[in-house]
Every structure is written in C-alpha cells, then in structure tokens.
$ cat input-v4.cif   # mmCIF, C-alpha atoms
data_my_file
#
loop_
_atom_site.label_atom_id
_atom_site.label_comp_id
_atom_site.auth_asym_id
_atom_site.auth_seq_id
_atom_site.Cartn_x
_atom_site.Cartn_y
_atom_site.Cartn_z
CA MET A 1 -45.01 -1.89 -24.31
CA CYS A 2 -43.76 -1.84 -20.73
CA LEU A 3 -41.24 -4.46 -19.60
CA CYS A 4 -41.62 -3.47 -15.97
CA PRO A 5 -42.35 -6.14 -13.36
CA VAL A 6 -45.99 -6.57 -12.46
CA GLY A 7 -47.04 -3.81 -10.10
CA ALA A 8 -44.08 -1.49 -10.96
CA VAL A 9 -44.89 2.11 -11.77
CA GLU A 10 -43.96 3.24 -15.29
CA LEU A 11 -42.77 6.84 -15.64
CA LYS A 12 -41.91 8.26 -19.07
CA GLY A 13 -41.46 4.77 -20.49
CA GLU A 14 -39.09 3.60 -17.74
CA CYS A 15 -39.72 1.50 -14.65
CA MET A 16 -39.56 3.49 -11.45
CA THR A 17 -37.44 0.79 -9.77
CA ARG A 18 -34.93 0.80 -12.64
CA ARG A 19 -34.70 4.59 -12.50
CA LEU A 20 -34.13 4.54 -8.73
CA LEU A 21 -31.40 1.90 -9.12
CA ARG A 22 -29.61 3.98 -11.77
CA ARG A 23 -29.83 7.09 -9.57
CA PHE A 24 -28.49 5.16 -6.56
CA ALA A 25 -25.59 3.79 -8.66
CA SER A 26 -24.80 7.34 -9.79
CA TYR A 27 -24.71 8.60 -6.18
CA LEU A 28 -22.58 5.63 -5.11
CA THR A 29 -20.09 6.26 -7.94
CA THR A 30 -19.85 9.94 -7.03
CA ALA A 31 -19.32 9.14 -3.35
CA ALA A 32 -16.57 6.62 -4.21
CA ALA A 33 -14.84 9.17 -6.45
CA LEU A 34 -14.94 11.77 -3.69
CA LEU A 35 -13.51 9.32 -1.15
CA LEU A 36 -10.73 8.37 -3.55
CA ALA A 37 -9.93 12.01 -4.23
CA GLY A 38 -9.74 12.64 -0.50
CA ALA A 39 -7.37 9.70 -0.03
CA LEU A 40 -5.15 10.95 -2.84
CA TRP A 41 -4.83 14.28 -1.09
CA ALA A 42 -1.65 12.93 0.53
CA GLY A 43 -0.96 15.85 2.81
CA THR A 44 -4.20 15.51 4.75
CA ALA A 45 -4.00 11.89 5.99
CA TYR A 46 -2.00 11.04 9.07
CA ALA A 47 -1.19 7.93 11.06
CA ASP A 48 -0.57 7.99 14.78
CA THR A 49 2.91 6.72 15.51
CA GLY A 50 2.34 6.22 19.21
CA SER A 51 2.78 2.73 20.54
CA ALA A 52 -0.13 0.77 21.88
CA ALA A 53 -3.11 2.82 22.89
CA SER A 54 -2.20 4.20 26.25
CA GLY A 55 -4.26 6.22 28.61
CA SER A 56 -7.18 5.77 30.90
CA ALA A 57 -10.89 5.87 30.53
CA SER A 58 -13.75 6.05 32.95
CA GLY A 59 -17.32 5.36 32.18
CA SER A 60 -20.42 6.89 33.62
CA ALA A 61 -23.96 7.40 32.58
CA SER A 62 -22.79 10.26 30.39
CA GLY A 63 -20.01 8.15 28.84
CA SER A 64 -17.16 10.49 29.66
CA ALA A 65 -13.61 9.34 28.92
CA SER A 66 -10.12 10.70 28.98
CA GLY A 67 -6.87 9.42 27.54
CA SER A 68 -3.44 10.39 26.45
CA ALA A 69 -0.84 9.20 24.01
CA SER A 70 2.26 10.86 25.34
CA GLY A 71 5.19 10.80 22.97
CA SER A 72 3.04 10.18 19.92
CA ALA A 73 3.60 12.16 16.76
CA GLN A 74 1.72 12.61 13.56
CA MET A 75 3.18 10.98 10.46
CA PRO A 76 1.77 11.03 6.94
CA MET A 77 0.22 7.73 5.90
CA ALA A 78 1.60 5.67 3.05
CA SER A 79 1.15 7.40 -0.27
CA PRO A 80 -1.22 6.15 -2.95
CA ARG A 81 1.82 5.81 -5.25
CA ALA A 82 3.52 3.50 -2.73
CA MET A 83 0.37 1.38 -2.58
CA ILE A 84 0.35 1.13 -6.38
CA ALA A 85 4.06 0.19 -6.29
CA LEU A 86 3.16 -2.61 -3.87
CA SER A 87 0.40 -3.78 -6.21
CA LEU A 88 2.78 -3.74 -9.18
CA ALA A 89 5.38 -5.73 -7.24
CA GLN A 90 2.68 -8.28 -6.35
CA THR A 91 2.16 -8.93 -10.07
CA GLN A 92 5.69 -10.41 -10.07
CA THR A 93 4.81 -13.06 -7.47
CA GLY A 94 6.13 -16.46 -8.47
CA LYS A 95 8.98 -15.19 -10.64
CA PRO A 96 12.42 -16.52 -9.76
CA TYR A 97 15.16 -14.84 -7.75
CA LEU A 98 18.32 -13.93 -9.65
CA TRP A 99 21.23 -12.06 -8.03
CA GLY A 100 21.48 -8.76 -9.93
CA GLY A 101 18.11 -9.44 -11.59
CA VAL A 102 16.19 -6.37 -12.72
CA GLY A 103 13.30 -8.14 -14.45
CA PRO A 104 11.12 -8.74 -16.22
CA ASP A 105 11.73 -12.49 -15.98
CA ALA A 106 13.72 -12.66 -12.70
CA TRP A 107 14.45 -10.29 -9.82
CA ASP A 108 16.76 -9.64 -6.94
CA CYS A 109 15.37 -7.85 -3.89
CA SER A 110 16.48 -4.30 -4.67
CA GLY A 111 15.77 -4.66 -8.39
CA LEU A 112 12.13 -5.53 -7.65
CA VAL A 113 11.70 -2.59 -5.27
CA GLN A 114 13.42 -0.19 -7.68
CA TRP A 115 11.25 -1.30 -10.61
CA ALA A 116 7.98 -1.08 -8.66
CA PHE A 117 8.66 2.43 -7.33
CA ARG A 118 10.11 3.78 -10.58
CA SER A 119 6.98 2.49 -12.34
CA VAL A 120 4.93 4.97 -10.29
CA GLY A 121 7.34 7.87 -10.78
CA ILE A 122 9.35 7.57 -7.57
CA ASP A 123 13.10 7.69 -8.22
CA MET A 124 14.61 4.75 -6.38
CA PRO A 125 18.31 3.88 -6.33
CA ARG A 126 19.49 0.38 -7.27
CA THR A 127 21.05 -1.21 -4.18
CA THR A 128 19.63 -1.87 -0.72
CA TRP A 129 22.34 0.27 0.88
CA GLN A 130 21.38 3.22 -1.34
CA GLN A 131 17.67 2.59 -0.77
CA ALA A 132 18.29 2.71 3.01
CA GLU A 133 19.40 6.34 2.69
CA VAL A 134 16.47 7.81 0.73
CA GLY A 135 12.83 8.51 1.56
CA LEU A 136 11.34 9.44 4.89
CA ALA A 137 12.45 7.42 7.94
CA VAL A 138 9.52 5.66 9.60
CA PRO A 139 9.38 4.25 13.16
CA PHE A 140 8.24 0.63 13.45
CA GLY A 141 4.99 1.67 15.16
CA ALA A 142 3.96 3.63 12.06
CA LEU A 143 4.68 0.88 9.52
CA GLN A 144 2.12 0.90 6.68
CA PRO A 145 1.65 -1.27 3.57
CA GLY A 146 3.74 0.24 0.79
CA ASP A 147 6.65 1.17 3.07
CA VAL A 148 10.09 -0.03 1.99
CA ILE A 149 11.78 -2.15 4.65
CA ILE A 150 15.55 -2.54 4.63
CA LEU A 151 16.33 -5.81 6.39
CA ASN A 152 19.16 -7.61 8.19
CA ASP A 153 21.78 -6.03 10.44
CA ASP A 154 23.94 -5.20 7.42
CA ALA A 155 21.10 -3.77 5.26
CA SER A 156 21.62 -6.60 2.78
CA HIS A 157 17.96 -7.23 1.92
CA VAL A 158 14.92 -5.14 1.06
CA GLY A 159 11.21 -5.66 0.54
CA ILE A 160 7.90 -3.80 0.50
CA TYR A 161 5.66 -4.16 3.54
CA ALA A 162 2.43 -5.82 2.40
CA GLY A 163 0.52 -5.71 5.69
CA GLY A 164 -0.40 -8.53 8.02
CA GLY A 165 3.19 -8.87 9.19
CA ASN A 166 4.43 -9.84 5.71
CA VAL A 167 7.05 -8.46 3.36
CA LEU A 168 6.79 -8.80 -0.43
CA ASN A 169 10.29 -9.57 -1.64
CA ALA A 170 12.62 -11.48 -3.92
CA TYR A 171 14.06 -13.56 -1.10
CA ASP A 172 16.91 -15.76 -2.33
CA TRP A 173 17.98 -18.54 -4.70
CA GLY A 174 15.28 -21.15 -5.14
CA VAL A 175 12.58 -19.00 -3.53
CA PRO A 176 10.29 -17.15 -5.94
CA VAL A 177 9.07 -13.58 -5.42
CA GLY A 178 6.40 -13.63 -2.75
CA LEU A 179 5.48 -12.91 0.84
CA THR A 180 7.81 -13.64 3.74
CA PRO A 181 6.93 -13.09 7.42
CA LEU A 182 8.60 -9.92 8.69
CA ALA A 183 9.40 -11.80 11.90
CA GLN A 184 12.09 -13.74 10.00
CA PHE A 185 14.21 -10.60 9.68
CA ASP A 186 15.92 -7.93 11.71
CA ILE A 187 14.78 -4.49 10.59
CA TYR A 188 17.59 -2.14 9.63
CA THR A 189 15.34 0.80 8.65
CA ILE A 190 11.90 1.58 7.25
CA ARG A 191 11.49 4.20 4.51
CA ARG A 192 8.39 5.88 3.12
CA PHE A 193 8.07 7.47 -0.32
CA TYR A 194 5.59 9.98 -1.76
#

$ encode --input "input-v4.cif" --output "structure tokens"
Amino acid sequence: MCLCPVGAVELKGECMTRRLLRRFASYLTTAAALLLAGALWAGTAYADTGSAASGSASGSASGSASGSASGSAQMPMASPRAMIALSLAQTQTGKPYLWGGVGPDAWDCSGLVQWAFRSVGIDMPRTTWQQAEVGLAVPFGALQPGDVIILNDDASHVGIYAGGGNVLNAYDWGVPVGLTPLAQFDIYTIRRFY
C-alpha cells in the first residue's frame, strides 16, 4: 500500500518526492562537510589587514575597475580552535567575577581565557601579562572573533573578542561574565592562537 500523496509517482515502493528529498539532504550534508573541512584547513584562509578599502574604481560599459590596498598584508584568519574557545567561554556567561578565580563557579579575566583556550588544546599562561607575550601579534585592523585582547594601558585585563565590537570577559566585582563594548577599553595588544 502506497502512502504517497495523491499524484506522486511510486518507484520501488518509495515516493519519488521523498527519494528526491533524501538525495538532496545527502548532497547538502556532503557540501556542508566539505565547507567545514576547508575552513579547518587553517593555513589556507587569510584576512586582509589593510585599513579601509582604499583605491579607485571607474565604471564603463565593460565594468572595468582598478584598485589598490597599499601597505596591506595577508594574515591568517582566526583558528577554528579559537572560535571553539570563544564558544566555551560564552557558556560561562552570567557566572560571577572572583579575583584569582579559575572556575568552574567563578572567574577572573585571565582565568576564563586560560580555561577556554586550554580546553581546546592551546597552552595559555595564567596572568594577563604572560598572555600578552604569547601567540601571534595581530594589528587592530585584522581583529577577528576568537582573538585574545589584552586591555588597559598596563595590560591588567584580558578578554576574547566576540565580534560586533564586543569583548567576552570576566569584568570586575559585581559584574558577571559577559560582553563588554571594546570601546570602553584601551587596547594593549591583540594575540591570535592556532
């Protein structure tokens, strides 16, 4: 007995529409897996560190254009492990700040960053001053989510850039782990980890 909708073609006991949907889902899953594998190939993705798009363009019927980005350099994009570290740190949102706190119930800024990155296999020192000396230095124009940002003129605070101009951090007494606008801080250095 066929359970196909009225007018659907039955082929070997299965509705043609159901078979096509399963095949499409299989192709979609394969394509997603290939895209993910490509993104995980960390050495092949690059971000342009040039400042705002500079150059000139001229239009014509043929659509020709020219431009330049003098002084720009290629820099590897944030690693998938750094993105996972950011996601792990986000699971701690709402937990209280505690000076010297290394979790799991309360955190200080460097303890949260250390825990998140160590959880993905990246060896991270304990204090902000030590964290400011490790990893790859990143110019502000190349800032990506997952980058570690050492903050304040004296490197006394650290967080993980979450995108949208926000830093995920354990801010201070009375303020739970969460997002803080980057504009509230002076940036001491930005570090990237693979």

$ closest_residue --input "input-v4.cif" --among "A:Ile150, A:Cys109, A:Ala116, A:Ile160" --to "Thr91 (chain A)" --atoms "only C-alpha atoms"
A:Ala116

$ closest_residue --input "input-v4.cif" --among "A:Val177, A:Ile149, A:Ala183, A:Ala85" --to "Gly164 (chain A)" --atoms "all atoms listed in the file"
A:Ala183

$ resolve_selection --input "input-v4.cif" --expression "the PyMOL selection byres ((chain A and resi 157) around 12)" --output "VMD selection string"
chain A and resid 99 108 to 113 127 to 132 148 to 156 158 to 160 167 to 172 182 184 to 190

$ resolve_selection --input "input-v4.cif" --expression "the PyMOL selection byres ((chain A and resi 98) around 7)" --output "list in words"
Pro96, Tyr97, Trp99, Gly100, Gly101, Ala106, Trp107, Asp108 and Trp173 of chain A

$ resolve_selection --input "input-v4.cif" --expression "the PyMOL selection byres ((chain A and resi 136) around 8)" --output "VMD selection string"
chain A and resid 134 to 135 137 to 138 191 to 193

$ closest_residue --input "input-v4.cif" --among "A:Val120, A:Gly94, A:Asp147, A:Ala162" --to "Pro176 (chain A)" --atoms "all atoms listed in the file"
A:Gly94

$ atom_distance --input "input-v4.cif" --atom1 "CA of Gly165 (chain A)" --atom2 "CA of Tyr194 (chain A)"
21.9 Å
